[in-house]
Amino acid sequence: MSGRPFIKMHGLGNDFVILDARARELALSPDQWRLLADRHHGVGCDQILVLTASDRPDCVCGYRIINADGSEARQCGNGARCVAQWLHRAGAIERQASLQSPAGPIAVDVG
């Protein structure tokens, strides 16, 4: 994980670490995810959002949701808002887009 840039965002009381793995896969063990989310020894967050390449042509990208305990979640509305805002700031989406969430495609609008 060394040398991989990240951003920390918050949405409505939850904080997230966002990692961009669209170009380079990121495979960590549950112990490594827990360490990253640890507020005393890691970056600290409620969830880690990992951007991935999408296998759906109608989706800009996909993302994984890893909880602070190392388990994976299927959906998080606050996290989806942060992913959309990050993609917008990075110039990957203008206003509206579809993202491939673990629960299936979702529409986002940052307008």
# chains A, B, ... in the order shown; residues from 1 in each chain; ligands from 1
>>> residues_around(residues="His10 of chain A", least_positions_apart="6", cutoff="9 Å", atoms="only C-alpha atoms", output="VMD selection string")
chain A and resid 16 to 17 78 to 79 82
>>> write_last_selection(atoms="all heavy atoms", output="PDB file, in the first residue's frame")
ATOM      1  N   PHE A  16     -14.690   8.808   5.401  1.00  0.00           N
ATOM      2  CA  PHE A  16     -14.277   7.801   4.441  1.00  0.00           C
ATOM      3  C   PHE A  16     -12.857   8.070   3.973  1.00  0.00           C
ATOM      4  O   PHE A  16     -12.461   9.215   3.820  1.00  0.00           O
ATOM      5  CB  PHE A  16     -15.187   7.826   3.204  1.00  0.00           C
ATOM      6  CG  PHE A  16     -16.642   7.694   3.524  1.00  0.00           C
ATOM      7  CD1 PHE A  16     -17.436   8.820   3.684  1.00  0.00           C
ATOM      8  CD2 PHE A  16     -17.216   6.452   3.682  1.00  0.00           C
ATOM      9  CE1 PHE A  16     -18.780   8.708   3.994  1.00  0.00           C
ATOM     10  CE2 PHE A  16     -18.565   6.327   3.992  1.00  0.00           C
ATOM     11  CZ  PHE A  16     -19.351   7.462   4.147  1.00  0.00           C
ATOM     12  N   VAL A  17     -12.121   7.001   3.698  1.00  0.00           N
ATOM     13  CA  VAL A  17     -10.860   7.083   2.983  1.00  0.00           C
ATOM     14  C   VAL A  17     -11.174   6.586   1.576  1.00  0.00           C
ATOM     15  O   VAL A  17     -11.769   5.515   1.413  1.00  0.00           O
ATOM     16  CB  VAL A  17      -9.764   6.212   3.637  1.00  0.00           C
ATOM     17  CG1 VAL A  17      -8.564   6.068   2.723  1.00  0.00           C
ATOM     18  CG2 VAL A  17      -9.348   6.813   4.973  1.00  0.00           C
ATOM     19  N   ASN A  78     -24.020   7.725   1.909  1.00  0.00           N
ATOM     20  CA  ASN A  78     -23.054   8.796   2.173  1.00  0.00           C
ATOM     21  C   ASN A  78     -21.750   8.547   1.426  1.00  0.00           C
ATOM     22  O   ASN A  78     -21.133   9.473   0.903  1.00  0.00           O
ATOM     23  CB  ASN A  78     -22.765   8.923   3.670  1.00  0.00           C
ATOM     24  CG  ASN A  78     -23.960   9.420   4.444  1.00  0.00           C
ATOM     25  OD1 ASN A  78     -24.850  10.053   3.899  1.00  0.00           O
ATOM     26  ND2 ASN A  78     -23.988   9.131   5.736  1.00  0.00           N
ATOM     27  N   GLY A  79     -21.330   7.305   1.353  1.00  0.00           N
ATOM     28  CA  GLY A  79     -20.114   6.964   0.615  1.00  0.00           C
ATOM     29  C   GLY A  79     -20.279   7.206  -0.877  1.00  0.00           C
ATOM     30  O   GLY A  79     -19.372   7.720  -1.534  1.00  0.00           O
ATOM     31  N   CYS A  82     -19.810  10.790  -1.619  1.00  0.00           N
ATOM     32  CA  CYS A  82     -18.393  11.178  -1.589  1.00  0.00           C
ATOM     33  C   CYS A  82     -17.667  10.710  -2.841  1.00  0.00           C
ATOM     34  O   CYS A  82     -16.859  11.456  -3.406  1.00  0.00           O
ATOM     35  CB  CYS A  82     -17.716  10.629  -0.329  1.00  0.00           C
ATOM     36  SG  CYS A  82     -18.216  11.479   1.184  1.00  0.00           S
TER      37      CYS A  82
END
>>> residues_around(residues="Ala37 of chain A", least_positions_apart="4", cutoff="10 Å", atoms="only C-alpha atoms", output="NGL selection string")
:A and (16-17 or 31-33 or 41-48 or 66-70)
>>> write_last_selection(atoms="all heavy atoms", output="compact mmCIF listing (two decimals), in the first residue's frame")
# COMPACT_ATOMS: atom_id res chain seq x y z
N PHE A 16 -14.69 8.81 5.40
CA PHE A 16 -14.28 7.80 4.44
C PHE A 16 -12.86 8.07 3.97
O PHE A 16 -12.46 9.21 3.82
CB PHE A 16 -15.19 7.83 3.20
CG PHE A 16 -16.64 7.69 3.52
CD1 PHE A 16 -17.44 8.82 3.68
CD2 PHE A 16 -17.22 6.45 3.68
CE1 PHE A 16 -18.78 8.71 3.99
CE2 PHE A 16 -18.56 6.33 3.99
CZ PHE A 16 -19.35 7.46 4.15
N VAL A 17 -12.12 7.00 3.70
CA VAL A 17 -10.86 7.08 2.98
C VAL A 17 -11.17 6.59 1.58
O VAL A 17 -11.77 5.51 1.41
CB VAL A 17 -9.76 6.21 3.64
CG1 VAL A 17 -8.56 6.07 2.72
CG2 VAL A 17 -9.35 6.81 4.97
N ASP A 31 -7.08 -7.77 7.79
CA ASP A 31 -6.24 -7.15 8.82
C ASP A 31 -5.65 -5.83 8.33
O ASP A 31 -5.56 -4.86 9.09
CB ASP A 31 -5.10 -8.09 9.23
CG ASP A 31 -5.56 -9.23 10.13
OD1 ASP A 31 -6.65 -9.11 10.74
OD2 ASP A 31 -4.84 -10.23 10.20
N GLN A 32 -5.24 -5.78 7.07
CA GLN A 32 -4.68 -4.54 6.53
C GLN A 32 -5.75 -3.46 6.39
O GLN A 32 -5.49 -2.29 6.66
CB GLN A 32 -4.01 -4.81 5.17
CG GLN A 32 -2.74 -5.63 5.31
CD GLN A 32 -2.22 -6.08 3.96
OE1 GLN A 32 -2.94 -6.66 3.14
NE2 GLN A 32 -0.93 -5.81 3.72
N TRP A 33 -6.97 -3.84 5.98
CA TRP A 33 -8.06 -2.86 5.92
C TRP A 33 -8.35 -2.32 7.32
O TRP A 33 -8.54 -1.11 7.49
CB TRP A 33 -9.33 -3.50 5.34
CG TRP A 33 -9.27 -3.86 3.89
CD1 TRP A 33 -9.47 -5.10 3.35
CD2 TRP A 33 -9.02 -2.99 2.78
NE1 TRP A 33 -9.36 -5.05 1.98
CE2 TRP A 33 -9.08 -3.77 1.61
CE3 TRP A 33 -8.74 -1.63 2.66
CZ2 TRP A 33 -8.89 -3.22 0.34
CZ3 TRP A 33 -8.54 -1.09 1.39
CH2 TRP A 33 -8.61 -1.89 0.25
N HIS A 41 -3.77 4.03 14.81
CA HIS A 41 -2.57 3.52 14.13
C HIS A 41 -2.64 3.63 12.61
O HIS A 41 -1.64 3.36 11.94
CB HIS A 41 -2.33 2.05 14.52
CG HIS A 41 -2.19 1.87 15.99
ND1 HIS A 41 -1.07 2.28 16.69
CD2 HIS A 41 -3.04 1.35 16.91
CE1 HIS A 41 -1.24 2.01 17.97
NE2 HIS A 41 -2.41 1.45 18.13
N GLY A 42 -3.78 4.00 12.07
CA GLY A 42 -3.95 4.14 10.62
C GLY A 42 -4.43 5.53 10.27
O GLY A 42 -4.24 6.48 11.04
N VAL A 43 -5.09 5.65 9.14
CA VAL A 43 -5.65 6.93 8.72
C VAL A 43 -6.89 7.24 9.56
O VAL A 43 -7.12 8.37 9.94
CB VAL A 43 -5.99 6.90 7.22
CG1 VAL A 43 -6.67 8.19 6.79
CG2 VAL A 43 -4.74 6.66 6.40
N GLY A 44 -7.70 6.23 9.81
CA GLY A 44 -8.91 6.39 10.61
C GLY A 44 -10.11 6.74 9.75
O GLY A 44 -10.08 7.74 9.04
N CYS A 45 -11.14 5.89 9.80
CA CYS A 45 -12.37 6.16 9.05
C CYS A 45 -13.44 5.15 9.44
O CYS A 45 -13.17 4.15 10.07
CB CYS A 45 -12.10 6.07 7.55
SG CYS A 45 -11.56 4.44 6.99
N ASP A 46 -14.67 5.48 9.02
CA ASP A 46 -15.77 4.54 9.18
C ASP A 46 -15.74 3.47 8.09
O ASP A 46 -16.01 2.31 8.33
CB ASP A 46 -17.12 5.26 9.12
CG ASP A 46 -17.32 6.20 10.30
OD1 ASP A 46 -17.06 5.77 11.44
OD2 ASP A 46 -17.73 7.36 10.08
N GLN A 47 -15.42 3.92 6.85
CA GLN A 47 -15.36 3.00 5.72
C GLN A 47 -14.28 3.44 4.74
O GLN A 47 -13.95 4.63 4.66
CB GLN A 47 -16.70 2.93 4.98
CG GLN A 47 -17.79 2.26 5.79
CD GLN A 47 -19.12 2.27 5.07
OE1 GLN A 47 -19.52 3.26 4.48
NE2 GLN A 47 -19.82 1.14 5.13
N ILE A 48 -13.78 2.47 3.98
CA ILE A 48 -12.81 2.72 2.91
C ILE A 48 -13.54 2.47 1.60
O ILE A 48 -14.19 1.43 1.43
CB ILE A 48 -11.59 1.78 3.04
CG1 ILE A 48 -10.93 1.96 4.40
CG2 ILE A 48 -10.61 2.02 1.90
CD1 ILE A 48 -10.11 0.79 4.86
N ILE A 66 -15.41 -1.01 2.08
CA ILE A 66 -14.84 -1.84 3.14
C ILE A 66 -15.09 -1.16 4.47
O ILE A 66 -14.71 0.00 4.68
CB ILE A 66 -13.32 -2.09 2.92
CG1 ILE A 66 -13.09 -2.90 1.63
CG2 ILE A 66 -12.74 -2.87 4.08
CD1 ILE A 66 -12.72 -2.09 0.48
N ASN A 67 -15.73 -1.88 5.37
CA ASN A 67 -16.02 -1.36 6.71
C ASN A 67 -14.74 -1.32 7.55
O ASN A 67 -13.76 -2.00 7.24
CB ASN A 67 -17.06 -2.24 7.41
CG ASN A 67 -18.41 -2.19 6.73
OD1 ASN A 67 -18.88 -1.12 6.34
ND2 ASN A 67 -19.02 -3.34 6.55
N ALA A 68 -14.79 -0.57 8.64
CA ALA A 68 -13.63 -0.44 9.53
C ALA A 68 -13.19 -1.78 10.12
O ALA A 68 -12.04 -1.94 10.49
CB ALA A 68 -13.94 0.56 10.64
N ASP A 69 -14.11 -2.76 10.17
CA ASP A 69 -13.74 -4.08 10.71
C ASP A 69 -13.15 -5.01 9.64
O ASP A 69 -12.87 -6.18 9.92
CB ASP A 69 -14.93 -4.73 11.40
CG ASP A 69 -16.07 -5.11 10.45
OD1 ASP A 69 -15.93 -4.91 9.22
OD2 ASP A 69 -17.10 -5.60 10.95
N GLY A 70 -12.99 -4.51 8.41
CA GLY A 70 -12.41 -5.31 7.33
C GLY A 70 -13.42 -6.04 6.48
O GLY A 70 -13.06 -6.62 5.45
>>> atom_distance(atom1="atom CA of Gly104 of chain A", atom2="atom CA of Gln75 of chain A")
8.9 Å
>>> select_by_dssp(residues="chain A", states="helix (DSSP H, G or I)", output="list in words")
Pro30, Asp31, Gln32, Trp33, Arg34, Leu35, Leu36, Ala37, Gly77, Asn78, Gly79, Ala80, Arg81, Cys82, Val83, Ala84, Gln85, Trp86, Leu87, His88 and Arg89 of chain A
>>> write_last_selection(atoms="C-alpha atoms", output="mmCIF file, in the first residue's frame")
data_model
loop_
_atom_site.group_PDB
_atom_site.id
_atom_site.type_symbol
_atom_site.label_atom_id
_atom_site.label_comp_id
_atom_site.auth_asym_id
_atom_site.auth_seq_id
_atom_site.Cartn_x
_atom_site.Cartn_y
_atom_site.Cartn_z
ATOM 1 C CA PRO A 30 -9.003 -7.829 6.245
ATOM 2 C CA ASP A 31 -6.240 -7.152 8.819
ATOM 3 C CA GLN A 32 -4.683 -4.540 6.531
ATOM 4 C CA TRP A 33 -8.061 -2.863 5.921
ATOM 5 C CA ARG A 34 -8.657 -2.773 9.702
ATOM 6 C CA LEU A 35 -5.250 -1.173 10.261
ATOM 7 C CA LEU A 36 -5.920 1.486 7.630
ATOM 8 C CA ALA A 37 -9.291 2.314 9.251
ATOM 9 C CA GLY A 77 -25.467 6.398 0.472
ATOM 10 C CA ASN A 78 -23.054 8.796 2.173
ATOM 11 C CA GLY A 79 -20.114 6.964 0.615
ATOM 12 C CA ALA A 80 -21.694 7.088 -2.858
ATOM 13 C CA ARG A 81 -22.079 10.868 -2.490
ATOM 14 C CA CYS A 82 -18.393 11.178 -1.589
ATOM 15 C CA VAL A 83 -17.328 8.999 -4.536
ATOM 16 C CA ALA A 84 -19.443 11.115 -6.898
ATOM 17 C CA GLN A 85 -18.031 14.365 -5.509
ATOM 18 C CA TRP A 86 -14.454 13.068 -5.760
ATOM 19 C CA LEU A 87 -15.004 11.975 -9.376
ATOM 20 C CA HIS A 88 -16.528 15.374 -10.167
ATOM 21 C CA ARG A 89 -13.594 17.254 -8.640
#
>>> atom_distance(atom1="atom CA of Arg39 of chain A", atom2="atom CA of Cys61 of chain A")
28.2 Å
>>> residues_around(residues="Arg4 of chain A", least_positions_apart="4", cutoff="10 Å", atoms="only C-alpha atoms", output="list in words")
Leu19, Asp20, Ala21, Arg24 and Leu26 of chain A
>>> closest_residue(among="A:Gly62, A:Pro57, A:Gly11, A:Gly111", to="Arg95 of chain A", atoms="only C-alpha atoms")
A:Gly111
>>> select_by_dssp(residues="segment 25-105 of chain A", states="strand (DSSP E)", output="list of chain:residue names")
A:Gln47, A:Ile48, A:Leu49, A:Val50, A:Leu51, A:Thr52, A:Cys61, A:Gly62, A:Tyr63, A:Arg64, A:Ile65, A:Ile66, A:Asn67, A:Glu72, A:Ala73, A:Gln96, A:Ala97, A:Ser98, A:Leu99, A:Gln100, A:Ser101, A:Gly104, A:Pro105
>>> atom_distance(atom1="atom CA of Cys59 of chain A", atom2="atom CA of Gln100 of chain A")
5.9 Å
